[in-house]
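Engineer: I have a structure here, written as structure tokens, and I will follow up with some questions on it.
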Amino acid sequence: MTDSGTAAYDHCVDLPPLVAKAVGAARSIGFAYSCLPEQGRLLRVLAGGVGAGVIGETGTGCGVGLAWLASGAHPDARLVSVERDRARAETAAGVFADESRVQVRTGDWSELADTAPFDLLVLDGGGQGKGDERPLDPAEWLRPGGLVVLDDFTPMTSWPPVHDGQPDTARMYWLSHPRLRAAEVRVTPTAATIVATFLG
């Protein structure tokens with residue numbers, strides 16, 4: 001989630017209808033931390049590559065990122081997202097009330113494990129390994145060939161990458177994992193996303 005993500009939509013036009021609905025829901029409850037529009041467009045493209053697979057997301061927020069995913073996903077894809085804040089989860093569930101492919105749950109991110117393995121997994125609210133949290137094991141969450149996506153990084157300018165003056169262990173975990181092939185993608189000049197494929 002990005003602290004000014006919802007505001008970044010103020011001048012966007014031609015949004016997918018479901019994304020516009022989710023942005024409106026976020027604004028209605030004063031939720032500022034939606035994914036950036038540029039990140040959303042990347043999610044829509046990646047969702048389109050899954051086919052009739054299973055897409056998971058941690059950290060639903062008010063459903064903006066999930067709406068981008070659903071807007072790009074195959075009609076037979078299944079999307080499941082989990083949000084720990086009940087009010088936000090209920091707001092997001094309202095956005096997707098007419099979308100039978102989409103399920104929004106209230107709970108800790110780890111509760112999404114019962115839906116694994118995923119063809120596409122977006123880690124925006126747990127599982128990344130940021131802070132004191134341990135990163136999830138991709139072998140327990142992804143199908144062979146499945147993708148994991150992590151946003152909210154500043155673009156890397158050195159190796160090893162640094163965060164707050166210290167080695168960025170979360171980013172290094174994903175970029176160096178022996179069972180992943182990962183790349184960092186700049187979605188704006190100041191925001192980067194990691195996209196990694198699980199080799200199995």
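Labels for the structure tokens follow display order: chains A, B, ..., residues from 1 in each chain, ligands from 1.
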Write down as number ranges by chain the residues belonging to range 26-175 of chain A that are assigned helix (DSSP H, G or I) by DSSP computed on the backbone.
Structural biologist: A: 26-28, 37-48, 64-72, 86-95, 109-115, 138-141, 169-175
Engineer: Grab the residues selected above and save them as a compact mmCIF listing (two decimals), in the first residue's frame with N, CA and C atoms.
Structural biologist:
```txt
# COMPACT_ATOMS: atom_id res chain seq x y z
N ALA A 26 -12.76 3.72 -1.35
CA ALA A 26 -11.63 4.13 -0.52
C ALA A 26 -11.78 5.59 -0.09
N ARG A 27 -12.17 6.42 -1.02
CA ARG A 27 -12.36 7.84 -0.69
C ARG A 27 -13.48 8.01 0.33
N SER A 28 -14.53 7.20 0.21
CA SER A 28 -15.69 7.36 1.08
C SER A 28 -15.38 7.11 2.54
N PRO A 37 -1.88 3.85 -9.41
CA PRO A 37 -2.46 3.47 -10.71
C PRO A 37 -1.48 2.69 -11.58
N GLU A 38 -0.21 3.06 -11.56
CA GLU A 38 0.79 2.37 -12.36
C GLU A 38 0.97 0.93 -11.90
N GLN A 39 0.93 0.72 -10.59
CA GLN A 39 1.00 -0.63 -10.05
C GLN A 39 -0.24 -1.41 -10.45
N GLY A 40 -1.39 -0.76 -10.40
CA GLY A 40 -2.63 -1.42 -10.79
C GLY A 40 -2.61 -1.88 -12.23
N ARG A 41 -2.08 -1.06 -13.11
CA ARG A 41 -2.02 -1.46 -14.52
C ARG A 41 -1.12 -2.68 -14.70
N LEU A 42 -0.03 -2.75 -13.94
CA LEU A 42 0.82 -3.94 -13.98
C LEU A 42 0.06 -5.16 -13.48
N LEU A 43 -0.67 -5.00 -12.39
CA LEU A 43 -1.46 -6.13 -11.86
C LEU A 43 -2.48 -6.62 -12.88
N ARG A 44 -3.12 -5.70 -13.58
CA ARG A 44 -4.12 -6.09 -14.58
C ARG A 44 -3.48 -6.95 -15.67
N VAL A 45 -2.30 -6.55 -16.13
CA VAL A 45 -1.60 -7.32 -17.17
C VAL A 45 -1.22 -8.70 -16.65
N LEU A 46 -0.67 -8.75 -15.45
CA LEU A 46 -0.25 -10.04 -14.89
C LEU A 46 -1.45 -10.96 -14.66
N ALA A 47 -2.56 -10.41 -14.22
CA ALA A 47 -3.75 -11.23 -14.01
C ALA A 47 -4.23 -11.84 -15.30
N GLY A 48 -4.08 -11.11 -16.40
CA GLY A 48 -4.51 -11.62 -17.68
C GLY A 48 -3.73 -12.84 -18.13
N VAL A 64 -8.83 -1.67 -4.24
CA VAL A 64 -8.38 -1.05 -5.48
C VAL A 64 -7.46 -2.00 -6.27
N GLY A 65 -6.44 -2.54 -5.61
CA GLY A 65 -5.56 -3.49 -6.29
C GLY A 65 -6.32 -4.72 -6.76
N LEU A 66 -7.23 -5.20 -5.93
CA LEU A 66 -8.04 -6.36 -6.29
C LEU A 66 -8.92 -6.06 -7.50
N ALA A 67 -9.40 -4.83 -7.59
CA ALA A 67 -10.22 -4.43 -8.74
C ALA A 67 -9.39 -4.42 -10.02
N TRP A 68 -8.15 -3.98 -9.94
CA TRP A 68 -7.27 -4.05 -11.11
C TRP A 68 -7.06 -5.51 -11.52
N LEU A 69 -6.82 -6.38 -10.54
CA LEU A 69 -6.65 -7.80 -10.84
C LEU A 69 -7.90 -8.38 -11.50
N ALA A 70 -9.04 -8.11 -10.91
CA ALA A 70 -10.30 -8.65 -11.45
C ALA A 70 -10.58 -8.10 -12.84
N SER A 71 -10.18 -6.86 -13.11
CA SER A 71 -10.42 -6.25 -14.41
C SER A 71 -9.60 -6.91 -15.51
N GLY A 72 -8.48 -7.51 -15.15
CA GLY A 72 -7.66 -8.18 -16.14
C GLY A 72 -7.80 -9.68 -16.18
N ARG A 86 -11.64 -5.09 9.71
CA ARG A 86 -12.99 -5.51 9.36
C ARG A 86 -13.74 -4.46 8.55
N ALA A 87 -13.63 -3.19 8.92
CA ALA A 87 -14.35 -2.15 8.20
C ALA A 87 -13.88 -2.06 6.76
N ARG A 88 -12.58 -2.15 6.54
CA ARG A 88 -12.07 -2.11 5.17
C ARG A 88 -12.50 -3.34 4.39
N ALA A 89 -12.45 -4.50 5.05
CA ALA A 89 -12.87 -5.73 4.38
C ALA A 89 -14.33 -5.65 3.96
N GLU A 90 -15.18 -5.11 4.82
CA GLU A 90 -16.60 -4.98 4.49
C GLU A 90 -16.81 -3.99 3.35
N THR A 91 -16.02 -2.92 3.35
CA THR A 91 -16.11 -1.94 2.26
C THR A 91 -15.72 -2.60 0.94
N ALA A 92 -14.61 -3.35 0.96
CA ALA A 92 -14.16 -4.02 -0.25
C ALA A 92 -15.16 -5.07 -0.71
N ALA A 93 -15.72 -5.82 0.22
CA ALA A 93 -16.71 -6.83 -0.14
C ALA A 93 -17.90 -6.20 -0.86
N GLY A 94 -18.27 -4.98 -0.45
CA GLY A 94 -19.35 -4.28 -1.13
C GLY A 94 -19.00 -3.92 -2.57
N VAL A 95 -17.73 -3.60 -2.80
CA VAL A 95 -17.29 -3.29 -4.16
C VAL A 95 -17.49 -4.49 -5.08
N TRP A 109 -3.18 -12.23 7.19
CA TRP A 109 -2.75 -12.64 5.85
C TRP A 109 -2.46 -14.13 5.76
N SER A 110 -1.97 -14.71 6.86
CA SER A 110 -1.58 -16.13 6.83
C SER A 110 -2.76 -17.05 6.60
N GLU A 111 -4.00 -16.56 6.88
CA GLU A 111 -5.19 -17.38 6.67
C GLU A 111 -5.47 -17.65 5.19
N LEU A 112 -4.79 -16.94 4.32
CA LEU A 112 -4.95 -17.18 2.89
C LEU A 112 -4.28 -18.48 2.45
N ALA A 113 -3.47 -19.04 3.32
CA ALA A 113 -2.74 -20.28 2.98
C ALA A 113 -3.68 -21.42 2.61
N ASP A 114 -4.89 -21.42 3.16
CA ASP A 114 -5.79 -22.54 2.87
C ASP A 114 -6.31 -22.53 1.43
N THR A 115 -6.03 -21.46 0.68
CA THR A 115 -6.43 -21.38 -0.72
C THR A 115 -5.27 -21.72 -1.65
N PRO A 138 7.77 -19.51 -0.83
CA PRO A 138 7.02 -19.62 -2.09
C PRO A 138 6.64 -21.05 -2.45
N ALA A 139 7.40 -22.03 -1.98
CA ALA A 139 7.08 -23.43 -2.28
C ALA A 139 5.77 -23.86 -1.64
N GLU A 140 5.36 -23.18 -0.58
CA GLU A 140 4.11 -23.53 0.10
C GLU A 140 2.91 -22.75 -0.42
N TRP A 141 3.17 -21.76 -1.27
CA TRP A 141 2.10 -20.86 -1.68
C TRP A 141 1.85 -20.82 -3.19
N THR A 169 16.93 -6.73 3.58
CA THR A 169 16.87 -8.19 3.60
C THR A 169 15.61 -8.73 2.93
N ALA A 170 14.50 -8.00 3.03
CA ALA A 170 13.26 -8.46 2.38
C ALA A 170 13.46 -8.51 0.87
N ARG A 171 13.98 -7.44 0.31
CA ARG A 171 14.18 -7.40 -1.13
C ARG A 171 15.20 -8.44 -1.57
N MET A 172 16.25 -8.61 -0.79
CA MET A 172 17.28 -9.60 -1.13
C MET A 172 16.72 -11.02 -1.10
N TYR A 173 15.80 -11.29 -0.17
CA TYR A 173 15.19 -12.62 -0.08
C TYR A 173 14.52 -12.98 -1.39
N TRP A 174 13.73 -12.06 -1.94
CA TRP A 174 12.97 -12.35 -3.15
C TRP A 174 13.85 -12.35 -4.40
N LEU A 175 14.78 -11.43 -4.48
CA LEU A 175 15.62 -11.33 -5.66
C LEU A 175 16.66 -12.44 -5.74
```
Engineer: Can you build me a table of range 49-87 of chain A residues sitting at most 10 Å from range 125-134 of chain A, with the closest atom pair per residue and its distance in Å to one decimal, using only C-alpha atoms, sorted by chain and residue number, as CSV?
Structural biologist:
```
residue,atom,partner,partner_atom,distance
A:Glu57,CA,A:Gly125,CA,8.0
A:Thr58,CA,A:Gly125,CA,4.7
A:Gly59,CA,A:Gly125,CA,3.7
A:Thr60,CA,A:Gly125,CA,7.4
A:Gly61,CA,A:Gly125,CA,8.5
A:Ser81,CA,A:Gly125,CA,9.9
A:Val82,CA,A:Gly125,CA,8.4
A:Glu83,CA,A:Gly125,CA,7.6
A:Arg84,CA,A:Gly125,CA,8.6
```
Engineer: Would you output that residue set with N, CA and C atoms, as a PDB file, in the first residue's frame?
Structural biologist:
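Here's the written file out09.pdb:
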```
ATOM      1  N   GLU A  57      -4.378 -12.369  -2.825  1.00  0.00           N
ATOM      2  CA  GLU A  57      -3.848 -11.072  -2.435  1.00  0.00           C
ATOM      3  C   GLU A  57      -3.901 -10.944  -0.917  1.00  0.00           C
ATOM      4  N   THR A  58      -2.816 -10.483  -0.313  1.00  0.00           N
ATOM      5  CA  THR A  58      -2.840 -10.118   1.097  1.00  0.00           C
ATOM      6  C   THR A  58      -2.943  -8.604   1.183  1.00  0.00           C
ATOM      7  N   GLY A  59      -3.783  -8.125   2.072  1.00  0.00           N
ATOM      8  CA  GLY A  59      -3.949  -6.685   2.233  1.00  0.00           C
ATOM      9  C   GLY A  59      -4.890  -6.085   1.213  1.00  0.00           C
ATOM     10  N   THR A  60      -6.166  -6.386   1.343  1.00  0.00           N
ATOM     11  CA  THR A  60      -7.168  -5.904   0.385  1.00  0.00           C
ATOM     12  C   THR A  60      -7.317  -4.400   0.412  1.00  0.00           C
ATOM     13  N   GLY A  61      -7.156  -3.789   1.594  1.00  0.00           N
ATOM     14  CA  GLY A  61      -7.517  -2.381   1.725  1.00  0.00           C
ATOM     15  C   GLY A  61      -8.988  -2.221   1.396  1.00  0.00           C
ATOM     16  N   SER A  81      -8.905 -12.496  -1.588  1.00  0.00           N
ATOM     17  CA  SER A  81      -8.089 -11.493  -0.919  1.00  0.00           C
ATOM     18  C   SER A  81      -8.452 -11.452   0.554  1.00  0.00           C
ATOM     19  N   VAL A  82      -7.469 -11.130   1.396  1.00  0.00           N
ATOM     20  CA  VAL A  82      -7.714 -11.081   2.837  1.00  0.00           C
ATOM     21  C   VAL A  82      -7.266  -9.730   3.382  1.00  0.00           C
ATOM     22  N   GLU A  83      -8.086  -9.180   4.268  1.00  0.00           N
ATOM     23  CA  GLU A  83      -7.843  -7.879   4.888  1.00  0.00           C
ATOM     24  C   GLU A  83      -8.087  -8.002   6.394  1.00  0.00           C
ATOM     25  N   ARG A  84      -7.122  -7.561   7.188  1.00  0.00           N
ATOM     26  CA  ARG A  84      -7.261  -7.739   8.643  1.00  0.00           C
ATOM     27  C   ARG A  84      -8.230  -6.742   9.286  1.00  0.00           C
TER      28      ARG A  84
END
```
Engineer: Based on DSSP run over this structure's backbone, return all residues of range 36-165 of chain A in strand (DSSP E), as an mmCIF file with N, CA and C atoms, in the first residue's frame.
Structural biologist:
```cif
data_model
loop_
_atom_site.group_PDB
_atom_site.id
_atom_site.type_symbol
_atom_site.label_atom_id
_atom_site.label_comp_id
_atom_site.auth_asym_id
_atom_site.auth_seq_id
_atom_site.Cartn_x
_atom_site.Cartn_y
_atom_site.Cartn_z
ATOM 1 N N VAL A 54 -5.934 -19.330 -10.099
ATOM 2 C CA VAL A 54 -6.285 -18.803 -8.783
ATOM 3 C C VAL A 54 -5.344 -17.646 -8.457
ATOM 4 N N ILE A 55 -5.924 -16.509 -8.108
ATOM 5 C CA ILE A 55 -5.185 -15.302 -7.774
ATOM 6 C C ILE A 55 -5.438 -14.972 -6.315
ATOM 7 N N GLY A 56 -4.385 -14.728 -5.564
ATOM 8 C CA GLY A 56 -4.509 -14.370 -4.159
ATOM 9 C C GLY A 56 -3.897 -13.018 -3.882
ATOM 10 N N GLU A 57 -4.378 -12.369 -2.825
ATOM 11 C CA GLU A 57 -3.848 -11.072 -2.435
ATOM 12 C C GLU A 57 -3.901 -10.944 -0.917
ATOM 13 N N THR A 58 -2.816 -10.483 -0.313
ATOM 14 C CA THR A 58 -2.840 -10.118 1.097
ATOM 15 C C THR A 58 -2.943 -8.604 1.183
ATOM 16 N N ARG A 78 -10.348 -17.383 -10.333
ATOM 17 C CA ARG A 78 -10.892 -17.192 -8.980
ATOM 18 C C ARG A 78 -9.942 -16.278 -8.223
ATOM 19 N N LEU A 79 -10.484 -15.263 -7.561
ATOM 20 C CA LEU A 79 -9.678 -14.286 -6.842
ATOM 21 C C LEU A 79 -10.085 -14.281 -5.375
ATOM 22 N N VAL A 80 -9.086 -14.375 -4.498
ATOM 23 C CA VAL A 80 -9.325 -14.376 -3.049
ATOM 24 C C VAL A 80 -8.370 -13.389 -2.409
ATOM 25 N N SER A 81 -8.905 -12.496 -1.588
ATOM 26 C CA SER A 81 -8.089 -11.493 -0.919
ATOM 27 C C SER A 81 -8.452 -11.452 0.554
ATOM 28 N N VAL A 82 -7.469 -11.130 1.396
ATOM 29 C CA VAL A 82 -7.714 -11.081 2.837
ATOM 30 C C VAL A 82 -7.266 -9.730 3.382
ATOM 31 N N GLU A 83 -8.086 -9.180 4.268
ATOM 32 C CA GLU A 83 -7.843 -7.879 4.888
ATOM 33 C C GLU A 83 -8.087 -8.002 6.394
ATOM 34 N N VAL A 102 -14.869 -13.230 -7.128
ATOM 35 C CA VAL A 102 -14.032 -12.554 -6.128
ATOM 36 C C VAL A 102 -14.556 -12.804 -4.724
ATOM 37 N N GLN A 103 -13.649 -13.182 -3.832
ATOM 38 C CA GLN A 103 -13.985 -13.355 -2.415
ATOM 39 C C GLN A 103 -13.066 -12.474 -1.580
ATOM 40 N N VAL A 104 -13.656 -11.701 -0.681
ATOM 41 C CA VAL A 104 -12.896 -10.887 0.258
ATOM 42 C C VAL A 104 -13.105 -11.454 1.655
ATOM 43 N N ARG A 105 -12.024 -11.747 2.338
ATOM 44 C CA ARG A 105 -12.090 -12.292 3.689
ATOM 45 C C ARG A 105 -11.563 -11.280 4.696
ATOM 46 N N THR A 106 -12.009 -11.427 5.932
ATOM 47 C CA THR A 106 -11.449 -10.663 7.041
ATOM 48 C C THR A 106 -10.563 -11.596 7.846
ATOM 49 N N PHE A 118 -1.247 -20.833 -5.466
ATOM 50 C CA PHE A 118 -1.729 -19.778 -6.331
ATOM 51 C C PHE A 118 -0.968 -19.752 -7.648
ATOM 52 N N ASP A 119 -1.672 -19.282 -8.672
ATOM 53 C CA ASP A 119 -1.030 -19.001 -9.953
ATOM 54 C C ASP A 119 -0.443 -17.593 -9.962
ATOM 55 N N LEU A 120 -1.046 -16.711 -9.173
ATOM 56 C CA LEU A 120 -0.565 -15.336 -9.001
ATOM 57 C C LEU A 120 -0.875 -14.931 -7.579
ATOM 58 N N LEU A 121 0.143 -14.434 -6.877
ATOM 59 C CA LEU A 121 -0.016 -14.037 -5.481
ATOM 60 C C LEU A 121 0.563 -12.641 -5.306
ATOM 61 N N VAL A 122 -0.280 -11.714 -4.855
ATOM 62 C CA VAL A 122 0.131 -10.335 -4.641
ATOM 63 C C VAL A 122 0.246 -10.107 -3.136
ATOM 64 N N LEU A 123 1.447 -9.782 -2.690
ATOM 65 C CA LEU A 123 1.703 -9.590 -1.269
ATOM 66 C C LEU A 123 1.741 -8.101 -0.964
ATOM 67 N N LEU A 142 2.851 -21.218 -3.984
ATOM 68 C CA LEU A 142 2.744 -21.036 -5.437
ATOM 69 C C LEU A 142 2.799 -22.351 -6.189
ATOM 70 N N ARG A 143 2.066 -22.417 -7.300
ATOM 71 C CA ARG A 143 2.216 -23.524 -8.236
ATOM 72 C C ARG A 143 3.523 -23.328 -9.006
ATOM 73 N N PRO A 144 4.125 -24.387 -9.512
ATOM 74 C CA PRO A 144 5.267 -24.199 -10.412
ATOM 75 C C PRO A 144 4.872 -23.291 -11.576
ATOM 76 N N GLY A 145 5.681 -22.280 -11.819
ATOM 77 C CA GLY A 145 5.356 -21.285 -12.834
ATOM 78 C C GLY A 145 4.508 -20.144 -12.323
ATOM 79 N N GLY A 146 4.067 -20.225 -11.058
ATOM 80 C CA GLY A 146 3.254 -19.159 -10.482
ATOM 81 C C GLY A 146 4.075 -17.913 -10.206
ATOM 82 N N LEU A 147 3.389 -16.786 -10.162
ATOM 83 C CA LEU A 147 4.042 -15.495 -9.938
ATOM 84 C C LEU A 147 3.725 -14.955 -8.557
ATOM 85 N N VAL A 148 4.718 -14.296 -7.953
ATOM 86 C CA VAL A 148 4.499 -13.532 -6.732
ATOM 87 C C VAL A 148 4.905 -12.096 -7.026
ATOM 88 N N VAL A 149 4.110 -11.144 -6.510
ATOM 89 C CA VAL A 149 4.303 -9.727 -6.795
ATOM 90 C C VAL A 149 4.348 -8.969 -5.478
ATOM 91 N N LEU A 150 5.350 -8.096 -5.329
ATOM 92 C CA LEU A 150 5.504 -7.285 -4.119
ATOM 93 C C LEU A 150 5.776 -5.854 -4.544
ATOM 94 N N ASP A 151 5.013 -4.900 -4.016
ATOM 95 C CA ASP A 151 5.231 -3.505 -4.391
ATOM 96 C C ASP A 151 5.742 -2.689 -3.216
ATOM 97 N N ASP A 152 5.731 -1.381 -3.399
ATOM 98 C CA ASP A 152 6.139 -0.419 -2.367
ATOM 99 C C ASP A 152 7.633 -0.480 -2.048
ATOM 100 N N PHE A 153 8.452 -0.684 -3.054
ATOM 101 C CA PHE A 153 9.892 -0.538 -2.906
ATOM 102 C C PHE A 153 10.318 0.753 -3.600
ATOM 103 N N VAL A 162 19.663 -1.289 -0.199
ATOM 104 C CA VAL A 162 19.687 -0.712 1.146
ATOM 105 C C VAL A 162 18.341 -0.069 1.446
ATOM 106 N N HIS A 163 17.907 -0.234 2.701
ATOM 107 C CA HIS A 163 16.685 0.428 3.182
ATOM 108 C C HIS A 163 16.996 1.034 4.542
#
```
Engineer: Need to verify the contact set: Gly30 in chain A, 10 Å, only C-alpha atoms, exclusion of same-chain residues closer than 5 positions in sequence. Can you return it as a ChimeraX atom specification?
Structural biologist: /A:6,24-25
Engineer: I need the residues from that last selection saved to file as a JSON list (two decimals), in the first residue's frame (with C-alpha atoms), if you can.
Structural biologist:
```json
[["chain", "number", "residue", "atom", "x", "y", "z"],
["A", 6, "THR", "CA", -5.73, 6.90, -3.34],
["A", 24, "GLY", "CA", -14.71, 5.71, -4.70],
["A", 25, "ALA", "CA", -15.11, 3.30, -1.80]]
```
Engineer: So that I can check the surroundings of Leu36 in chain A, please list as a PyMOL selection string every protein, DNA and RNA residue that reaches within 8 Å of it, counting only C-alpha atoms and ignoring chain neighbours fewer than 6 positions away.
Structural biologist: chain A and resi 2+5-6+8-9
Engineer: My list of candidates is A:Pro167, A:Pro17, A:Pro75, A:Pro155. Which is closest to Thr193 in chain A when distances are computed with only C-alpha atoms?
Structural biologist: A:Pro155
Engineer: My list of candidates is A:Ala32, A:Arg101, A:Val23, A:Ser158. Which is closest to Ala52 in chain A when distances are computed with only C-alpha atoms?
Structural biologist: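 Result for the nearest residue to Ala52 in chain A: A:Arg101.
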